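Asks: First the structure, which I've put down as structure tokens, then a few questions once you've had a look.
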Amino acid sequence: MKRRDILKGLIVLPVAGGLHGSTVSFIETVASPQQTKRDFFKELGVTPVINASVTMTFLSGSLMMPEVLEAINGTAHDFANMYELQDKVGAKIAEMLKCEAAMVTSGAACAIVLGTAAAITGTDAEKIRQLPNLPGPRPEVIMQKKHRYLFDQAVTTTGAKIIEVDTVQEMKEAMNQHTVMALFFNGAEESSISHEDFLSVAQEHRVPTFLDAAADVPPVENLFKFQKMGFDLVTFSGGKMIRGPQSAGLLFGRKDLIHAARLNHSPNEAPIGRPMKVNKEEMFGMYAALKSYIERDHEKEWQDWLARAKQIGNRLQVIPTVKSEVYVHPGPANAFPNLNVYWDKQKVKITPKEVVAALKSGSPSIVANSKDNLLVVGVVLLRPDQVNIVADRIKEILKKAI
Ligand SMILES: *Cc1c(COP(=O)(O)O)cnc(C)c1O
């Protein structure tokens, strides 16, 4: 099904009163800025940004959970053997994710490189040393034509080439002795082959399957869904809604493939993954983030997000013609509530795009989005103390345009 078809059927909840005028206290799930400490933003003249959007790498991903900072600060004072650490962290993560094996990578893009490398080399030391310059025909990775995306460069980084297919029949015909893997982009707008058919063709030809679900939590259930479905390898970003280190990610699934992926990674000196090093603190941090994410009260967090959106909406509706609706993105990526704000442009003479520009260039700098006639305000990455700051800045900008 096409995403825009899903969008059409989506329920949007109008913002009603109830919270009007009141101040709700939101769950504190991020570390608060420390007033007394050295201010590095100031020292370097870097502008701190309020993220009223979604997780984006250029905006430093997400804010790490306090538990993650605790893990980083609490482990920085001692050395650790990195092989042992990856063993232990990997085992714990595999247990949490109910799969055979897991490892911490330097992000989902790194996980795609390492997963592909593992599928090509197995444990062959000579191949690991030679990658991406293996002699002979290039290894082949099968993808749906509709799943081609920017991140599939991580596949070809290994020297593999991508074979595009459109149908189950084409996928069957594409299988040959050079096929090493089949990659499924879970967040693609469209699929011409379902998860189930994709798996069954690959399994029939004993080709490992890899599913990229980098941005696909919430819901938390997605962390368990795809290995259960039968995918051999799965990746999630660490620095998106799991709120671990931005430069960490998860690769998990079949034990032999994770073993081979680790042989292709740091701390080994020469493999393709060496430039994608993960440090000790990020490994502990990723573990702490995942544990905290899984154990979180997700229902409460969801209600908190809705309350934030409503609070902003209520603060804005005092301006003539300004209305807002909570909009829940259908996913699979970024499946959480935003606030859509709109107004009569005869009365409030400014476009959503101009509001976005004013928010960005103002102080504090706020990143939000516009879409057609809507101002789209993200709430899930705001610190609790930023909810009213964002609302008041938008209000100020809209008021000026009356
Ligand atoms: C964000 C993203 C990636 C890259 O993840 P990093 O953790 O930033 O390396 C890969 N694939 C998809 C679908 C993504 O959304």
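Chain labels run A, B, ... following the order of the structure tokens; each chain numbers its residues from 1, and ligands are numbered from 1 in the order shown.
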Using only C-alpha atoms and all ligand atoms, what are the residues with an atom within 8 Å of ligand 1, set out as an MDAnalysis selection string?
Replies: chainID A and resid 56:57 61 106:112 151 185:188 212:216 236:240 246:249 333
Asks: For C-alpha atoms, I'd like the residues from the last selection saved as a compact mmCIF listing (two decimals), in the first residue's frame.
Replies:
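Generated output (selection-v5.txt):
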# COMPACT_ATOMS: atom_id res chain seq x y z
CA MET A 56 17.95 14.14 12.14
CA THR A 57 21.65 13.41 11.97
CA GLY A 61 20.09 13.00 16.35
CA SER A 106 28.50 3.10 14.88
CA GLY A 107 24.92 3.57 13.62
CA ALA A 108 22.51 1.79 11.30
CA ALA A 109 24.50 2.74 8.19
CA CYS A 110 27.53 1.00 9.70
CA ALA A 111 25.32 -2.00 10.50
CA ILE A 112 24.41 -2.23 6.80
CA PHE A 151 21.55 4.45 2.60
CA PHE A 185 14.03 -1.32 3.64
CA ASN A 186 11.27 -1.42 6.20
CA GLY A 187 10.45 2.29 6.05
CA ALA A 188 10.01 2.38 2.27
CA ASP A 212 16.75 -1.93 7.90
CA ALA A 213 14.36 -0.58 10.54
CA ALA A 214 16.66 2.29 11.59
CA ALA A 215 13.95 4.81 12.50
CA ASP A 216 11.10 2.39 13.20
CA PHE A 236 18.02 0.07 14.41
CA SER A 237 19.73 3.40 14.93
CA GLY A 238 20.89 4.06 18.47
CA GLY A 239 20.58 7.80 18.20
CA LYS A 240 16.99 8.14 17.07
CA GLN A 246 23.94 9.33 18.00
CA SER A 247 27.06 7.52 16.83
CA ALA A 248 25.80 4.09 17.90
CA GLY A 249 23.41 1.54 16.48
CA ALA A 333 9.50 5.59 10.55
Asks: Quick one: residues within 9 Å of A:Ile50, only C-alpha atoms, excluding same-chain residues fewer than 6 positions away - as an MDAnalysis selection string?
Replies: chainID A and resid 364:368 381:383 386 390
Asks: From a DSSP pass on the backbone, collect the residues of stretch 162-297 of chain A flagged as strand (DSSP E) and hand them back as a ChimeraX atom specification.
Replies: /A:162-165,179-185,209-212,233-237,249-253
Asks: Quick one: of A:Lys228, A:Val377, A:Lys353, A:Ile242, who's nearest to A:Ala288, counting only C-alpha atoms?
Replies: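 Of all the options, A:Ile242 lies closest to A:Ala288.
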Asks: Skip A:Asn334 itself and residues of its chain fewer than 2 positions away, then list as a compact mmCIF listing (two decimals) with all heavy atoms, in the first residue's frame all residues within 9 Å of it, counting only C-alpha atoms.
Replies:
# COMPACT_ATOMS: atom_id res chain seq x y z
N VAL A 54 11.92 16.12 13.91
CA VAL A 54 12.16 14.70 14.17
C VAL A 54 13.67 14.48 14.33
O VAL A 54 14.44 15.42 14.17
CB VAL A 54 11.62 13.81 13.02
CG1 VAL A 54 10.12 13.93 12.91
CG2 VAL A 54 12.28 14.17 11.69
N THR A 55 14.06 13.25 14.64
CA THR A 55 15.50 12.98 14.77
C THR A 55 16.17 13.13 13.42
O THR A 55 15.74 12.55 12.43
CB THR A 55 15.75 11.56 15.31
OG1 THR A 55 15.15 10.61 14.44
CG2 THR A 55 15.19 11.38 16.71
N ALA A 215 14.73 3.76 11.82
CA ALA A 215 13.95 4.81 12.50
C ALA A 215 12.58 4.29 12.94
O ALA A 215 11.66 5.08 13.17
CB ALA A 215 13.78 6.01 11.56
N ASP A 216 12.45 2.96 13.10
CA ASP A 216 11.10 2.39 13.20
C ASP A 216 10.63 2.04 14.61
O ASP A 216 9.79 1.15 14.79
CB ASP A 216 10.98 1.19 12.25
CG ASP A 216 11.20 1.61 10.80
OD1 ASP A 216 11.33 2.82 10.54
OD2 ASP A 216 11.26 0.73 9.93
N VAL A 217 11.15 2.71 15.62
CA VAL A 217 10.50 2.75 16.93
C VAL A 217 10.19 4.20 17.26
O VAL A 217 10.99 5.06 16.89
CB VAL A 217 11.36 2.15 18.07
CG1 VAL A 217 11.44 0.66 17.99
CG2 VAL A 217 12.73 2.79 18.15
N PRO A 218 9.06 4.52 17.96
CA PRO A 218 8.02 3.61 18.39
C PRO A 218 7.25 3.00 17.21
O PRO A 218 7.37 3.54 16.11
CB PRO A 218 7.13 4.51 19.24
CG PRO A 218 7.29 5.89 18.70
CD PRO A 218 8.73 5.93 18.22
N MET A 241 14.92 7.40 18.20
CA MET A 241 14.02 7.44 19.35
C MET A 241 14.43 6.51 20.50
O MET A 241 13.85 6.58 21.59
CB MET A 241 12.58 7.18 18.91
CG MET A 241 11.99 8.30 18.04
SD MET A 241 12.07 9.92 18.81
CE MET A 241 10.65 9.77 19.91
N HIS A 329 1.75 10.35 12.84
CA HIS A 329 2.35 9.85 11.61
C HIS A 329 2.20 8.33 11.57
O HIS A 329 2.46 7.65 12.55
CB HIS A 329 3.83 10.25 11.56
CG HIS A 329 4.42 10.09 10.21
ND1 HIS A 329 4.81 8.88 9.71
CD2 HIS A 329 4.67 11.00 9.24
CE1 HIS A 329 5.28 9.05 8.48
NE2 HIS A 329 5.21 10.33 8.18
N PRO A 330 1.77 7.79 10.41
CA PRO A 330 1.51 6.35 10.35
C PRO A 330 2.76 5.48 10.34
O PRO A 330 2.68 4.27 10.50
CB PRO A 330 0.74 6.21 9.03
CG PRO A 330 1.19 7.36 8.20
CD PRO A 330 1.46 8.48 9.15
N GLY A 331 3.93 6.06 10.18
CA GLY A 331 5.15 5.26 10.19
C GLY A 331 5.38 4.53 8.89
O GLY A 331 4.78 4.92 7.88
N PRO A 332 6.22 3.48 8.87
CA PRO A 332 6.89 2.86 10.01
C PRO A 332 7.94 3.76 10.67
O PRO A 332 8.18 3.63 11.86
CB PRO A 332 7.58 1.62 9.43
CG PRO A 332 7.07 1.45 8.06
CD PRO A 332 6.55 2.75 7.61
N PHE A 336 4.93 8.87 15.47
CA PHE A 336 4.56 9.52 16.73
C PHE A 336 3.79 10.81 16.43
O PHE A 336 3.72 11.25 15.29
CB PHE A 336 5.80 9.78 17.59
CG PHE A 336 7.00 10.29 16.84
CD1 PHE A 336 7.01 11.56 16.30
CD2 PHE A 336 8.11 9.48 16.65
CE1 PHE A 336 8.11 12.04 15.61
CE2 PHE A 336 9.23 9.94 15.96
CZ PHE A 336 9.22 11.22 15.44
N PRO A 337 3.18 11.42 17.47
CA PRO A 337 2.35 12.60 17.23
C PRO A 337 3.16 13.88 16.96
O PRO A 337 4.23 14.07 17.55
CB PRO A 337 1.55 12.77 18.53
CG PRO A 337 2.04 11.76 19.49
CD PRO A 337 3.16 10.99 18.89
Asks: Atom CA of A:Pro267 to atom CA of A:Tyr83: how many Å, to one decimal?
Replies: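 Distance reported for this atom pair: 7.3 Å.
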Asks: Contacts of A:Ile162 at 10 Å or less, counting only C-alpha atoms, minus same-chain residues fewer than 4 places along, as a PDB file with N, CA, C and O atoms, in the first residue's frame?
Replies:
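Done, and the output landed in around-v4.pdb:
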ATOM      1  N   ARG A 138      31.559  -9.276  -8.822  1.00  0.00           N
ATOM      2  CA  ARG A 138      31.108  -8.607  -7.600  1.00  0.00           C
ATOM      3  C   ARG A 138      29.982  -9.395  -6.922  1.00  0.00           C
ATOM      4  O   ARG A 138      29.085  -9.905  -7.596  1.00  0.00           O
ATOM      5  N   PRO A 139      30.031  -9.481  -5.587  1.00  0.00           N
ATOM      6  CA  PRO A 139      28.910 -10.111  -4.865  1.00  0.00           C
ATOM      7  C   PRO A 139      27.631  -9.302  -5.130  1.00  0.00           C
ATOM      8  O   PRO A 139      27.702  -8.101  -5.376  1.00  0.00           O
ATOM      9  N   GLU A 140      26.497  -9.988  -5.073  1.00  0.00           N
ATOM     10  CA  GLU A 140      25.236  -9.328  -5.403  1.00  0.00           C
ATOM     11  C   GLU A 140      24.275  -9.290  -4.210  1.00  0.00           C
ATOM     12  O   GLU A 140      24.122 -10.279  -3.499  1.00  0.00           O
ATOM     13  N   VAL A 141      23.659  -8.141  -4.021  1.00  0.00           N
ATOM     14  CA  VAL A 141      22.653  -7.970  -2.969  1.00  0.00           C
ATOM     15  C   VAL A 141      21.338  -7.614  -3.646  1.00  0.00           C
ATOM     16  O   VAL A 141      21.278  -6.681  -4.460  1.00  0.00           O
ATOM     17  N   ILE A 142      20.302  -8.359  -3.324  1.00  0.00           N
ATOM     18  CA  ILE A 142      18.994  -8.137  -3.951  1.00  0.00           C
ATOM     19  C   ILE A 142      18.176  -7.124  -3.147  1.00  0.00           C
ATOM     20  O   ILE A 142      18.115  -7.198  -1.920  1.00  0.00           O
ATOM     21  N   MET A 143      17.611  -6.169  -3.867  1.00  0.00           N
ATOM     22  CA  MET A 143      16.698  -5.191  -3.256  1.00  0.00           C
ATOM     23  C   MET A 143      15.506  -4.978  -4.170  1.00  0.00           C
ATOM     24  O   MET A 143      15.631  -5.104  -5.387  1.00  0.00           O
ATOM     25  N   GLN A 144      14.391  -4.594  -3.576  1.00  0.00           N
ATOM     26  CA  GLN A 144      13.267  -4.188  -4.404  1.00  0.00           C
ATOM     27  C   GLN A 144      13.596  -2.826  -5.018  1.00  0.00           C
ATOM     28  O   GLN A 144      14.167  -1.965  -4.338  1.00  0.00           O
ATOM     29  N   LYS A 145      13.196  -2.667  -6.266  1.00  0.00           N
ATOM     30  CA  LYS A 145      13.440  -1.393  -6.955  1.00  0.00           C
ATOM     31  C   LYS A 145      12.846  -0.235  -6.140  1.00  0.00           C
ATOM     32  O   LYS A 145      13.455   0.813  -5.994  1.00  0.00           O
ATOM     33  N   ARG A 148      15.029   1.180  -3.163  1.00  0.00           N
ATOM     34  CA  ARG A 148      16.323   1.854  -3.325  1.00  0.00           C
ATOM     35  C   ARG A 148      16.288   3.179  -2.568  1.00  0.00           C
ATOM     36  O   ARG A 148      15.321   3.922  -2.661  1.00  0.00           O
ATOM     37  N   ASP A 152      21.546   2.825   0.756  1.00  0.00           N
ATOM     38  CA  ASP A 152      22.056   1.580   0.159  1.00  0.00           C
ATOM     39  C   ASP A 152      23.483   1.752  -0.372  1.00  0.00           C
ATOM     40  O   ASP A 152      24.117   0.791  -0.781  1.00  0.00           O
ATOM     41  N   GLN A 153      24.009   2.961  -0.300  1.00  0.00           N
ATOM     42  CA  GLN A 153      25.435   3.118  -0.598  1.00  0.00           C
ATOM     43  C   GLN A 153      26.276   2.320   0.415  1.00  0.00           C
ATOM     44  O   GLN A 153      27.399   1.897   0.107  1.00  0.00           O
ATOM     45  N   VAL A 155      25.712  -0.581   1.260  1.00  0.00           N
ATOM     46  CA  VAL A 155      25.836  -1.924   0.679  1.00  0.00           C
ATOM     47  C   VAL A 155      26.989  -1.951  -0.325  1.00  0.00           C
ATOM     48  O   VAL A 155      27.883  -2.806  -0.262  1.00  0.00           O
ATOM     49  N   THR A 156      27.002  -0.973  -1.227  1.00  0.00           N
ATOM     50  CA  THR A 156      28.000  -0.986  -2.304  1.00  0.00           C
ATOM     51  C   THR A 156      29.396  -0.595  -1.802  1.00  0.00           C
ATOM     52  O   THR A 156      30.393  -0.859  -2.472  1.00  0.00           O
ATOM     53  N   THR A 179      24.840 -14.244  -5.371  1.00  0.00           N
ATOM     54  CA  THR A 179      23.923 -13.559  -4.448  1.00  0.00           C
ATOM     55  C   THR A 179      24.362 -13.820  -3.013  1.00  0.00           C
ATOM     56  O   THR A 179      24.481 -14.977  -2.603  1.00  0.00           O
ATOM     57  N   MET A 181      23.074 -11.643  -0.252  1.00  0.00           N
ATOM     58  CA  MET A 181      22.140 -11.109   0.741  1.00  0.00           C
ATOM     59  C   MET A 181      20.925 -10.490   0.043  1.00  0.00           C
ATOM     60  O   MET A 181      21.007 -10.145  -1.140  1.00  0.00           O
ATOM     61  N   ALA A 182      19.830 -10.383   0.787  1.00  0.00           N
ATOM     62  CA  ALA A 182      18.659  -9.650   0.300  1.00  0.00           C
ATOM     63  C   ALA A 182      18.297  -8.608   1.356  1.00  0.00           C
ATOM     64  O   ALA A 182      18.132  -8.944   2.530  1.00  0.00           O
ATOM     65  N   LEU A 183      18.239  -7.339   0.924  1.00  0.00           N
ATOM     66  CA  LEU A 183      18.025  -6.230   1.867  1.00  0.00           C
ATOM     67  C   LEU A 183      16.609  -5.676   1.741  1.00  0.00           C
ATOM     68  O   LEU A 183      16.157  -5.335   0.645  1.00  0.00           O
TER      69      LEU A 183
END
Asks: For atom CA of A:Arg129 and atom CA of A:Lys277, quote the distance in Å rounded to one decimal.
Replies: 16.7 Å
Asks: If we count only C-alpha atoms and set the cut-off at 10 Å, which residues sit around stretch 291-295 of chain A, ignoring sequence neighbours fewer than 2 positions away in its own chain? Please answer as a JSON list (two decimals) with N, CA and C atoms, in the first residue's frame.
Replies:
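Okay, result-v6.json is ready:
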[["chain", "number", "residue", "atom", "x", "y", "z"],
["A", 65, "MET", "N", 19.32, 9.85, 26.89],
["A", 65, "MET", "CA", 18.66, 9.65, 28.18],
["A", 65, "MET", "C", 19.67, 9.87, 29.31],
["A", 66, "PRO", "N", 19.19, 10.29, 30.49],
["A", 66, "PRO", "CA", 20.10, 10.45, 31.64],
["A", 66, "PRO", "C", 20.87, 9.16, 31.94],
["A", 67, "GLU", "N", 20.21, 8.02, 31.76],
["A", 67, "GLU", "CA", 20.88, 6.72, 31.99],
["A", 67, "GLU", "C", 22.06, 6.52, 31.07],
["A", 68, "VAL", "N", 21.95, 7.08, 29.86],
["A", 68, "VAL", "CA", 23.04, 6.93, 28.89],
["A", 68, "VAL", "C", 24.24, 7.75, 29.32],
["A", 92, "LYS", "N", 24.02, -9.33, 26.25],
["A", 92, "LYS", "CA", 22.94, -8.72, 27.02],
["A", 92, "LYS", "C", 21.86, -8.15, 26.07],
["A", 93, "ILE", "N", 22.32, -7.50, 24.99],
["A", 93, "ILE", "CA", 21.37, -6.92, 24.04],
["A", 93, "ILE", "C", 20.58, -8.04, 23.34],
["A", 96, "MET", "N", 17.93, -9.15, 25.60],
["A", 96, "MET", "CA", 16.83, -8.17, 25.66],
["A", 96, "MET", "C", 15.96, -8.23, 24.40],
["A", 97, "LEU", "N", 16.61, -8.49, 23.25],
["A", 97, "LEU", "CA", 15.88, -8.45, 21.98],
["A", 97, "LEU", "C", 15.39, -9.84, 21.55],
["A", 217, "VAL", "N", 11.15, 2.71, 15.62],
["A", 217, "VAL", "CA", 10.50, 2.75, 16.93],
["A", 217, "VAL", "C", 10.19, 4.20, 17.26],
["A", 218, "PRO", "N", 9.06, 4.52, 17.96],
["A", 218, "PRO", "CA", 8.02, 3.61, 18.39],
["A", 218, "PRO", "C", 7.25, 3.00, 17.21],
["A", 220, "VAL", "N", 7.54, 0.17, 20.42],
["A", 220, "VAL", "CA", 8.63, -0.63, 20.97],
["A", 220, "VAL", "C", 8.61, -2.07, 20.43],
["A", 221, "GLU", "N", 7.39, -2.56, 20.12],
["A", 221, "GLU", "CA", 7.23, -3.94, 19.62],
["A", 221, "GLU", "C", 8.08, -4.19, 18.37],
["A", 223, "LEU", "N", 11.02, -3.63, 17.89],
["A", 223, "LEU", "CA", 12.35, -4.13, 18.24],
["A", 223, "LEU", "C", 12.41, -5.66, 18.21],
["A", 241, "MET", "N", 14.92, 7.40, 18.20],
["A", 241, "MET", "CA", 14.02, 7.44, 19.35],
["A", 241, "MET", "C", 14.43, 6.51, 20.50],
["A", 242, "ILE", "N", 15.43, 5.65, 20.28],
["A", 242, "ILE", "CA", 15.94, 4.85, 21.40],
["A", 242, "ILE", "C", 16.75, 5.77, 22.33],
["A", 243, "ARG", "N", 17.18, 6.90, 21.76],
["A", 243, "ARG", "CA", 17.84, 7.95, 22.54],
["A", 243, "ARG", "C", 19.13, 7.51, 23.20],
["A", 244, "GLY", "N", 19.89, 6.72, 22.42],
["A", 244, "GLY", "CA", 21.25, 6.40, 22.83],
["A", 244, "GLY", "C", 22.21, 7.36, 22.16],
["A", 285, "GLY", "N", 26.78, 2.98, 26.72],
["A", 285, "GLY", "CA", 25.67, 3.92, 26.52],
["A", 285, "GLY", "C", 24.54, 3.31, 25.72],
["A", 286, "MET", "N", 24.89, 2.57, 24.69],
["A", 286, "MET", "CA", 23.86, 1.93, 23.85],
["A", 286, "MET", "C", 23.08, 0.89, 24.66],
["A", 287, "TYR", "N", 23.82, 0.14, 25.45],
["A", 287, "TYR", "CA", 23.19, -0.85, 26.32],
["A", 287, "TYR", "C", 22.21, -0.17, 27.29],
["A", 288, "ALA", "N", 22.68, 0.91, 27.91],
["A", 288, "ALA", "CA", 21.83, 1.62, 28.88],
["A", 288, "ALA", "C", 20.60, 2.22, 28.19],
["A", 289, "ALA", "N", 20.79, 2.73, 26.98],
["A", 289, "ALA", "CA", 19.68, 3.34, 26.24],
["A", 289, "ALA", "C", 18.62, 2.29, 25.90],
["A", 297, "ASP", "N", 7.63, 3.33, 30.38],
["A", 297, "ASP", "CA", 6.17, 3.26, 30.28],
["A", 297, "ASP", "C", 5.76, 3.95, 28.97],
["A", 298, "HIS", "N", 5.59, 3.15, 27.91],
["A", 298, "HIS", "CA", 5.38, 3.74, 26.59],
["A", 298, "HIS", "C", 4.02, 4.42, 26.47]]
Asks: Run DSSP on the backbone and tell me which residues of stretch 62-107 of chain A come out as alpha helix (DSSP H); list them as a ChimeraX atom specification.
Replies: /A:66-73,82-97
Asks: Quick one: distance from atom CA of A:Leu131 to atom CA of A:His178 in Å, one decimal?
Replies: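 Going from atom CA of A:Leu131 over to atom CA of A:His178, I get 15.2 Å.
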